[in-house]
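Comments concern the structure below.
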Amino acid sequence: MEKDIYILAIESSCDETAAAVVKNGRDVHSNVIYSQIALHTEYGGVVPEIASRKHIEKINQVIEQALSDAEMKLKDMDAIAVTYGPGLVGALLVGVSAAKAISFASGIPLVGVHHIEGHISANYIENKDLEPPFLCLVVSGGHSHLVVVHDYGEYEVIGRTRDDAAGEAFDKVARAIGLGYPGGPKIDKAAKEGNPQAIYFPRAKVGDAEYDFSFSGLKSAVLNYLNSCKMKEEQINTADVAASFQKAVIDVLAGHSMEAALKYGYKKFAIAGGVASNSSLRKVLKEACQEKGITFYHPSPVYCTDNAAMIGTAAYYEYQKGVRHGFDLNAVPNLKLERV
Ligand code: KG4
Ligand code: ZN
């Protein structure tokens with residue numbers, strides 16, 4: 001019987017300070033998340049400097065909590081995993097420095113993880129049978145990618161956003177209609193009371209790349225609509241705007257995903273990232289997959305938004321391949337997913 005591998009994982013790429021203990025890549029023994037959302041709300045978005053300072057304040061506490069929730073000691077760990085990109089450089093550095101210090105002091109190997117690889121790997125936690133190859137839609141605050149997962153750690157990005165990420169569009173539109181930050185969950189909730197057919201917003205096609213996305217035109221269309229209502233002194237129905245905007249985003253995300261799944265012949269389709277917790281997106285994709293005989297995988301909402309369990313899962317497959325990082329590991333804010 002093979003030895004169990006325990007990984008202590010750390011995530012600090014944006015506004016969540018998180019640590020987790022994961023066994024053999026799929027069993028989460030603890031998952032501690034300190035969310036800074038309340039701190040950033042009054043500024044209408046993440047303030048990088050505040051995020052870094054709060055990470056410094058919380059990181060040791062969160063790591064200790066993850067070990068104690070798992071009822072384990074640092075010496076029981078086989079690797080220390082950490083997100084080293086992409087993300088906010090100051091925020092990433094806090095996690096990377098903490099991981100390097102722990103690894104140096106304990107002699108436990110260090111494994112750096114790509115944040116998006118973490119999001120994709122979140123699907124392995126609750127779907128024990130899921131194995132590559134499959135197609136994955138990654139939609140978060142900073143990324144909108146359609147990715148072919150050829151194997152563990154082997155990715156091909158077949159579609160990406162040309163401008164705003166899907167989550168960014170949710171956040172900007174929510175701010176414009178007065179719902180506040182973070183916009184995604186607020187639009188999700190407001191849209192339930194609205195009519196998605198009330199206002200027609202454009203669905204952008206990027207001419208030369210059939211699976212690429214563009215959300216900045218949609219965002220401008222919503223802003224133009226709000227301005228024209230204001231000029232005409234017409235009452236704005238927030239729920240209708242939220243539902244109509246959400247429908248426009250989902251039509252494009254689901255449309256591109258299903259076309260790619262059919263063209264490439266994938267029978268397994270997964271979603272990942274903060275926007276993947278959107279209730280309407282999940283419903284539409286579930287139905288579309290059912291209709292096409294594709295198995296639909298999705299993490300629970302807590303594993304969609306930023307967390308360290310997903311980093312521990314991704315790290316396990318890297319660790320098994322022999323990946324180890326030195327103490328020269330640095331934060332890479334624009335780290336690419338594909339390795340050439
Ligand atoms: O993955 P994540 O936690 O952080 C990044 O790596 O960016 O994603 C955060 C994004 C935010 O833009 C947030 O508004 C969006 O995910 N989000 C949602 C929902 N929950 C979070 N978007 C739509 N519907 C939701 N229910
Ligand atoms: Zn993320």
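Here, A, B, ... name the chains of the structure tokens in the order displayed, residue numbers run from 1 inside each chain, and ligands are numbered from 1 in the same displayed order.
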
Using only C-alpha atoms and all ligand atoms, I'd like a table of the residues in chain A that come within 12 Å of ligand 2; for each, show the closest atom pair and its distance in Å rounded to one decimal, ordered by chain and ascending number, as JSON lines.
{"residue": "A:Glu11", "atom": "CA", "partner": "ligand 2", "partner_atom_place_in_ligand_line": "1 (Zn)", "distance": 9.4}
{"residue": "A:Ser12", "atom": "CA", "partner": "ligand 2", "partner_atom_place_in_ligand_line": "1 (Zn)", "distance": 9.6}
{"residue": "A:Ser13", "atom": "CA", "partner": "ligand 2", "partner_atom_place_in_ligand_line": "1 (Zn)", "distance": 7.5}
{"residue": "A:Cys14", "atom": "CA", "partner": "ligand 2", "partner_atom_place_in_ligand_line": "1 (Zn)", "distance": 7.5}
{"residue": "A:Asp15", "atom": "CA", "partner": "ligand 2", "partner_atom_place_in_ligand_line": "1 (Zn)", "distance": 9.4}
{"residue": "A:Glu16", "atom": "CA", "partner": "ligand 2", "partner_atom_place_in_ligand_line": "1 (Zn)", "distance": 9.2}
{"residue": "A:Thr17", "atom": "CA", "partner": "ligand 2", "partner_atom_place_in_ligand_line": "1 (Zn)", "distance": 11.7}
{"residue": "A:Ala18", "atom": "CA", "partner": "ligand 2", "partner_atom_place_in_ligand_line": "1 (Zn)", "distance": 11.6}
{"residue": "A:Thr83", "atom": "CA", "partner": "ligand 2", "partner_atom_place_in_ligand_line": "1 (Zn)", "distance": 10.2}
{"residue": "A:Gly85", "atom": "CA", "partner": "ligand 2", "partner_atom_place_in_ligand_line": "1 (Zn)", "distance": 10.2}
{"residue": "A:Pro86", "atom": "CA", "partner": "ligand 2", "partner_atom_place_in_ligand_line": "1 (Zn)", "distance": 9.0}
{"residue": "A:Gly87", "atom": "CA", "partner": "ligand 2", "partner_atom_place_in_ligand_line": "1 (Zn)", "distance": 8.3}
{"residue": "A:Leu88", "atom": "CA", "partner": "ligand 2", "partner_atom_place_in_ligand_line": "1 (Zn)", "distance": 11.1}
{"residue": "A:Leu92", "atom": "CA", "partner": "ligand 2", "partner_atom_place_in_ligand_line": "1 (Zn)", "distance": 12.0}
{"residue": "A:His114", "atom": "CA", "partner": "ligand 2", "partner_atom_place_in_ligand_line": "1 (Zn)", "distance": 10.2}
{"residue": "A:His115", "atom": "CA", "partner": "ligand 2", "partner_atom_place_in_ligand_line": "1 (Zn)", "distance": 6.4}
{"residue": "A:Ile116", "atom": "CA", "partner": "ligand 2", "partner_atom_place_in_ligand_line": "1 (Zn)", "distance": 6.8}
{"residue": "A:Glu117", "atom": "CA", "partner": "ligand 2", "partner_atom_place_in_ligand_line": "1 (Zn)", "distance": 9.8}
{"residue": "A:Gly118", "atom": "CA", "partner": "ligand 2", "partner_atom_place_in_ligand_line": "1 (Zn)", "distance": 8.2}
{"residue": "A:His119", "atom": "CA", "partner": "ligand 2", "partner_atom_place_in_ligand_line": "1 (Zn)", "distance": 6.5}
{"residue": "A:Ile120", "atom": "CA", "partner": "ligand 2", "partner_atom_place_in_ligand_line": "1 (Zn)", "distance": 10.0}
{"residue": "A:Ser121", "atom": "CA", "partner": "ligand 2", "partner_atom_place_in_ligand_line": "1 (Zn)", "distance": 11.8}
{"residue": "A:Ala122", "atom": "CA", "partner": "ligand 2", "partner_atom_place_in_ligand_line": "1 (Zn)", "distance": 10.9}
{"residue": "A:Val138", "atom": "CA", "partner": "ligand 2", "partner_atom_place_in_ligand_line": "1 (Zn)", "distance": 9.3}
{"residue": "A:Val139", "atom": "CA", "partner": "ligand 2", "partner_atom_place_in_ligand_line": "1 (Zn)", "distance": 8.7}
{"residue": "A:Ser140", "atom": "CA", "partner": "ligand 2", "partner_atom_place_in_ligand_line": "1 (Zn)", "distance": 5.8}
{"residue": "A:Gly141", "atom": "CA", "partner": "ligand 2", "partner_atom_place_in_ligand_line": "1 (Zn)", "distance": 6.9}
{"residue": "A:Gly142", "atom": "CA", "partner": "ligand 2", "partner_atom_place_in_ligand_line": "1 (Zn)", "distance": 7.3}
{"residue": "A:His143", "atom": "CA", "partner": "ligand 2", "partner_atom_place_in_ligand_line": "1 (Zn)", "distance": 8.2}
{"residue": "A:Ser144", "atom": "CA", "partner": "ligand 2", "partner_atom_place_in_ligand_line": "1 (Zn)", "distance": 10.8}
{"residue": "A:Ala165", "atom": "CA", "partner": "ligand 2", "partner_atom_place_in_ligand_line": "1 (Zn)", "distance": 11.6}
{"residue": "A:Gly167", "atom": "CA", "partner": "ligand 2", "partner_atom_place_in_ligand_line": "1 (Zn)", "distance": 10.1}
{"residue": "A:Glu168", "atom": "CA", "partner": "ligand 2", "partner_atom_place_in_ligand_line": "1 (Zn)", "distance": 11.9}
{"residue": "A:Ala272", "atom": "CA", "partner": "ligand 2", "partner_atom_place_in_ligand_line": "1 (Zn)", "distance": 9.0}
{"residue": "A:Gly273", "atom": "CA", "partner": "ligand 2", "partner_atom_place_in_ligand_line": "1 (Zn)", "distance": 5.7}
{"residue": "A:Gly274", "atom": "CA", "partner": "ligand 2", "partner_atom_place_in_ligand_line": "1 (Zn)", "distance": 6.5}
{"residue": "A:Val275", "atom": "CA", "partner": "ligand 2", "partner_atom_place_in_ligand_line": "1 (Zn)", "distance": 9.7}
{"residue": "A:Ala276", "atom": "CA", "partner": "ligand 2", "partner_atom_place_in_ligand_line": "1 (Zn)", "distance": 10.8}
{"residue": "A:Val302", "atom": "CA", "partner": "ligand 2", "partner_atom_place_in_ligand_line": "1 (Zn)", "distance": 11.6}
{"residue": "A:Tyr303", "atom": "CA", "partner": "ligand 2", "partner_atom_place_in_ligand_line": "1 (Zn)", "distance": 9.9}
{"residue": "A:Cys304", "atom": "CA", "partner": "ligand 2", "partner_atom_place_in_ligand_line": "1 (Zn)", "distance": 7.9}
{"residue": "A:Thr305", "atom": "CA", "partner": "ligand 2", "partner_atom_place_in_ligand_line": "1 (Zn)", "distance": 6.0}
{"residue": "A:Asp306", "atom": "CA", "partner": "ligand 2", "partner_atom_place_in_ligand_line": "1 (Zn)", "distance": 4.7}
{"residue": "A:Asn307", "atom": "CA", "partner": "ligand 2", "partner_atom_place_in_ligand_line": "1 (Zn)", "distance": 7.9}
{"residue": "A:Ala308", "atom": "CA", "partner": "ligand 2", "partner_atom_place_in_ligand_line": "1 (Zn)", "distance": 10.2}
{"residue": "A:Met310", "atom": "CA", "partner": "ligand 2", "partner_atom_place_in_ligand_line": "1 (Zn)", "distance": 10.0}
{"residue": "A:Ile311", "atom": "CA", "partner": "ligand 2", "partner_atom_place_in_ligand_line": "1 (Zn)", "distance": 10.4}

Export of the given selection (N, CA and C atoms) as a short mmCIF file (atom, residue, chain, number, x, y, z; two decimals), in the first residue's frame:
data_model
loop_
_atom_site.label_atom_id
_atom_site.label_comp_id
_atom_site.auth_asym_id
_atom_site.auth_seq_id
_atom_site.Cartn_x
_atom_site.Cartn_y
_atom_site.Cartn_z
N GLU A 11 -3.00 29.89 0.35
CA GLU A 11 -3.50 30.71 -0.77
C GLU A 11 -3.68 32.15 -0.28
N SER A 12 -3.08 33.10 -1.03
CA SER A 12 -3.23 34.52 -0.66
C SER A 12 -3.15 35.42 -1.89
N SER A 13 -3.69 34.94 -3.04
CA SER A 13 -3.47 35.69 -4.29
C SER A 13 -4.32 36.94 -4.43
N CYS A 14 -5.44 37.00 -3.69
CA CYS A 14 -6.31 38.17 -3.83
C CYS A 14 -6.80 38.64 -2.46
N ASP A 15 -8.06 38.43 -2.15
CA ASP A 15 -8.57 38.96 -0.88
C ASP A 15 -9.04 37.88 0.10
N GLU A 16 -8.56 36.64 -0.10
CA GLU A 16 -8.83 35.60 0.89
C GLU A 16 -7.50 35.07 1.41
N THR A 17 -7.35 35.05 2.75
CA THR A 17 -6.17 34.43 3.35
C THR A 17 -6.63 33.01 3.71
N ALA A 18 -6.00 31.99 3.10
CA ALA A 18 -6.53 30.64 3.29
C ALA A 18 -5.42 29.61 3.46
N THR A 83 0.20 29.11 -3.62
CA THR A 83 -0.09 29.80 -4.88
C THR A 83 1.00 30.83 -5.12
N GLY A 85 1.15 32.48 -8.34
CA GLY A 85 0.67 33.35 -9.41
C GLY A 85 -0.48 32.67 -10.13
N PRO A 86 -1.25 33.37 -10.94
CA PRO A 86 -1.28 34.82 -11.04
C PRO A 86 -2.05 35.43 -9.89
N GLY A 87 -1.95 36.74 -9.73
CA GLY A 87 -2.67 37.43 -8.66
C GLY A 87 -2.01 38.77 -8.37
N LEU A 88 -2.38 39.36 -7.25
CA LEU A 88 -1.80 40.64 -6.83
C LEU A 88 -0.42 40.36 -6.24
N LEU A 92 0.33 37.87 -3.13
CA LEU A 92 0.99 36.58 -3.38
C LEU A 92 2.25 36.42 -2.54
N HIS A 114 -0.03 27.04 -9.56
CA HIS A 114 -0.71 28.04 -10.37
C HIS A 114 -2.15 28.18 -9.86
N HIS A 115 -2.58 29.43 -9.63
CA HIS A 115 -3.91 29.66 -9.04
C HIS A 115 -5.05 29.04 -9.88
N ILE A 116 -4.94 29.15 -11.19
CA ILE A 116 -6.01 28.62 -12.05
C ILE A 116 -5.99 27.09 -12.05
N GLU A 117 -4.81 26.52 -11.96
CA GLU A 117 -4.70 25.06 -11.84
C GLU A 117 -5.43 24.63 -10.56
N GLY A 118 -5.30 25.46 -9.52
CA GLY A 118 -6.02 25.21 -8.28
C GLY A 118 -7.53 25.24 -8.51
N HIS A 119 -8.01 26.29 -9.16
CA HIS A 119 -9.47 26.38 -9.41
C HIS A 119 -9.98 25.14 -10.15
N ILE A 120 -9.26 24.74 -11.20
CA ILE A 120 -9.68 23.57 -11.99
C ILE A 120 -9.69 22.32 -11.09
N SER A 121 -8.65 22.18 -10.28
CA SER A 121 -8.49 20.99 -9.42
C SER A 121 -9.55 20.91 -8.33
N ALA A 122 -10.22 22.03 -8.03
CA ALA A 122 -11.30 22.02 -7.03
C ALA A 122 -12.35 20.98 -7.40
N VAL A 138 -13.25 28.12 -16.78
CA VAL A 138 -12.76 28.78 -15.56
C VAL A 138 -13.21 30.23 -15.60
N VAL A 139 -14.09 30.60 -14.69
CA VAL A 139 -14.62 31.96 -14.68
C VAL A 139 -14.49 32.55 -13.28
N SER A 140 -13.58 33.53 -13.16
CA SER A 140 -13.36 34.13 -11.83
C SER A 140 -13.33 35.64 -11.97
N GLY A 141 -12.87 36.30 -10.90
CA GLY A 141 -12.79 37.76 -10.93
C GLY A 141 -11.71 38.26 -11.88
N GLY A 142 -10.70 37.44 -12.09
CA GLY A 142 -9.58 37.87 -12.93
C GLY A 142 -9.44 37.09 -14.23
N HIS A 143 -10.19 36.00 -14.40
CA HIS A 143 -9.97 35.12 -15.55
C HIS A 143 -11.26 34.58 -16.15
N SER A 144 -11.27 34.43 -17.46
CA SER A 144 -12.34 33.68 -18.15
C SER A 144 -11.62 32.85 -19.20
N ALA A 165 -12.78 40.08 -17.35
CA ALA A 165 -13.15 38.72 -16.96
C ALA A 165 -14.64 38.72 -16.60
N GLY A 167 -16.24 37.68 -13.95
CA GLY A 167 -16.50 38.16 -12.58
C GLY A 167 -16.34 39.67 -12.47
N GLU A 168 -15.36 40.18 -13.23
CA GLU A 168 -15.13 41.62 -13.25
C GLU A 168 -16.36 42.34 -13.79
N ALA A 272 -15.27 26.08 -12.97
CA ALA A 272 -14.43 26.44 -11.82
C ALA A 272 -14.35 27.96 -11.70
N GLY A 273 -13.94 28.43 -10.51
CA GLY A 273 -13.78 29.86 -10.26
C GLY A 273 -15.02 30.45 -9.60
N GLY A 274 -14.86 31.65 -9.05
CA GLY A 274 -15.94 32.29 -8.29
C GLY A 274 -17.28 32.36 -9.03
N VAL A 275 -17.25 32.69 -10.31
CA VAL A 275 -18.50 32.84 -11.08
C VAL A 275 -19.19 31.47 -11.26
N ALA A 276 -18.41 30.39 -11.13
CA ALA A 276 -18.99 29.04 -11.25
C ALA A 276 -19.99 28.75 -10.13
N VAL A 302 -18.24 26.79 -1.94
CA VAL A 302 -17.06 27.11 -1.09
C VAL A 302 -15.74 26.75 -1.78
N TYR A 303 -15.78 25.79 -2.70
CA TYR A 303 -14.57 25.43 -3.44
C TYR A 303 -14.48 26.16 -4.80
N CYS A 304 -15.52 26.96 -5.12
CA CYS A 304 -15.47 27.76 -6.37
C CYS A 304 -14.69 29.03 -6.12
N THR A 305 -15.05 29.76 -5.05
CA THR A 305 -14.32 30.99 -4.73
C THR A 305 -12.98 30.60 -4.10
N ASP A 306 -12.10 31.59 -3.94
CA ASP A 306 -10.72 31.28 -3.53
C ASP A 306 -10.65 30.51 -2.20
N ASN A 307 -9.85 29.47 -2.20
CA ASN A 307 -9.65 28.62 -1.01
C ASN A 307 -8.32 27.90 -1.16
N ALA A 308 -7.83 27.31 -0.09
CA ALA A 308 -6.52 26.64 -0.16
C ALA A 308 -6.65 25.14 -0.42
N MET A 310 -8.21 23.69 -2.79
CA MET A 310 -7.98 23.48 -4.23
C MET A 310 -6.48 23.55 -4.56
N ILE A 311 -5.74 24.35 -3.80
CA ILE A 311 -4.29 24.47 -4.03
C ILE A 311 -3.59 23.18 -3.57
#

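The strand (DSSP E) portion of range 198-335 of chain A consists of A:Lys268, A:Phe269, A:Ala270, A:Ile271, A:Ala272, A:Thr295, A:Phe296, A:Tyr297, with states taken from DSSP on the backbone.
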
Residues of range 2-107 of chain A in helix (DSSP H, G or I), written as a PyMOL selection string: chain A and resi 37-41+48-69+74-76+89-106

Residue nearest ligand 1 - candidates A:Asp151, A:Asp76, A:Asp171, A:Glu156, atoms counted: only C-alpha atoms and all ligand atoms: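 Closest candidate: A:Asp171.
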
10 Å contact set for Lys128 in chain A, only C-alpha atoms, chain neighbours under 3 positions out, as a VMD selection string: chain A and resid 25 to 27 123 to 125 131

File dump, residues just selected, C-alpha atoms, as a tab-separated table (two decimals), in the first residue's frame:
chain	number	residue	atom	x	y	z
A	25	GLY	CA	-5.16	15.24	-3.37
A	26	ARG	CA	-8.82	14.49	-2.78
A	27	ASP	CA	-9.57	14.37	0.96
A	123	ASN	CA	-13.44	19.68	-9.13
A	124	TYR	CA	-11.45	16.64	-7.93
A	125	ILE	CA	-12.38	17.22	-4.28
A	131	GLU	CA	-9.95	12.28	-14.13

Distance query range 228-238 of chain A at most 10 Å, only C-alpha atoms, self and fewer than 6 positions along chain excluded, as a count of residues only: 13

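Distances here use only C-alpha atoms and all ligand atoms; by that measure, the residue among A:Asp164, A:Glu71, A:Glu154, A:Glu126 closest to ligand 1 is A:Asp164.
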
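Counting only C-alpha atoms, Gly107 in chain A has the following residues at most 12 Å away, ignoring those fewer than 2 positions along the same chain: Leu74, Lys75, Asp76, Met77, Asp78, Ala79, Ile80, Ala99, Lys100, Ala101, Ile102, Ser103, Phe104, Ala105, Pro109, Leu110, Gly326 and Phe327 of chain A.
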
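Between CA of Tyr34 in chain A and CA of Thr313 in chain A the interatomic distance comes to 19.2 Å.
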
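For the residues A:Lys219, A:Lys189, A:His298, A:Lys263, ranking by smallest atom-to-atom distance to ligand 1 using only C-alpha atoms and all ligand atoms places A:Lys189 first.
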
Interatomic distance (Å, one decimal) between CA of Leu8 in chain A and CA of Val28 in chain A: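 Between CA of Leu8 in chain A and CA of Val28 in chain A the gap works out to 10.4 Å.
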
Nearest to ligand 1 by atom-to-atom distance, counting only C-alpha atoms and all ligand atoms, from A:Gly312, A:Pro132, A:Pro299, A:Gly217: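 Looking at the shortest contact to ligand 1, the residue is A:Pro299.
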
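Compared by their closest atoms to Pro133 in chain A, and using only C-alpha atoms, the residues A:Ala20, A:Leu67, A:Ile50, A:Ala261 rank with A:Ala261 nearest.
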
Contacts of Asn330 in chain A within 8 Å, only C-alpha atoms, excl. fewer than 2 positions in-chain, as a VMD selection string: chain A and resid 84 93 96 328 332

Give me a file of those residues, with N, CA and C atoms, as a short mmCIF file (atom, residue, chain, number, x, y, z; two decimals), in the first residue's frame.
data_model
loop_
_atom_site.label_atom_id
_atom_site.label_comp_id
_atom_site.auth_asym_id
_atom_site.auth_seq_id
_atom_site.Cartn_x
_atom_site.Cartn_y
_atom_site.Cartn_z
N TYR A 84 1.67 30.76 -6.30
CA TYR A 84 2.70 31.79 -6.57
C TYR A 84 2.34 32.66 -7.77
N LEU A 93 3.00 37.52 -2.43
CA LEU A 93 4.29 37.47 -1.71
C LEU A 93 4.12 37.04 -0.26
N VAL A 96 3.73 33.22 -0.36
CA VAL A 96 4.98 32.61 -0.83
C VAL A 96 6.06 32.72 0.26
N ASP A 328 14.19 30.11 -4.09
CA ASP A 328 14.16 31.27 -4.99
C ASP A 328 12.76 31.42 -5.61
N VAL A 332 4.65 35.45 -9.12
CA VAL A 332 4.62 35.82 -10.54
C VAL A 332 3.20 36.28 -10.86
#

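Separating CA of Gly112 in chain A from CA of Val323 in chain A is a distance of 8.5 Å.
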
Residues near Ala38 in chain A, cut-off 10 Å, only C-alpha atoms, skip fewer than 5 positions along chain, as an MDAnalysis selection string: chainID A and resid 43 181:182

Export, as a compact mmCIF listing (two decimals), in the first residue's frame, the selected residues with N, CA and C atoms.
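Result file result_38.txt:
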# COMPACT_ATOMS: atom_id res chain seq x y z
N TYR A 43 -14.71 50.35 -0.33
CA TYR A 43 -14.00 50.95 -1.46
C TYR A 43 -14.56 50.47 -2.80
N TYR A 181 -20.29 45.67 -3.63
CA TYR A 181 -19.23 44.68 -3.85
C TYR A 181 -19.36 43.54 -2.83
N PRO A 182 -19.08 42.29 -3.17
CA PRO A 182 -18.78 41.79 -4.50
C PRO A 182 -20.05 41.57 -5.30

Best match for closeness to ligand 1 among A:Ile37, A:Leu135, A:Val241, A:Val252, counting only C-alpha atoms and all ligand atoms: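 Closest to ligand 1 of all the choices is A:Ile37.
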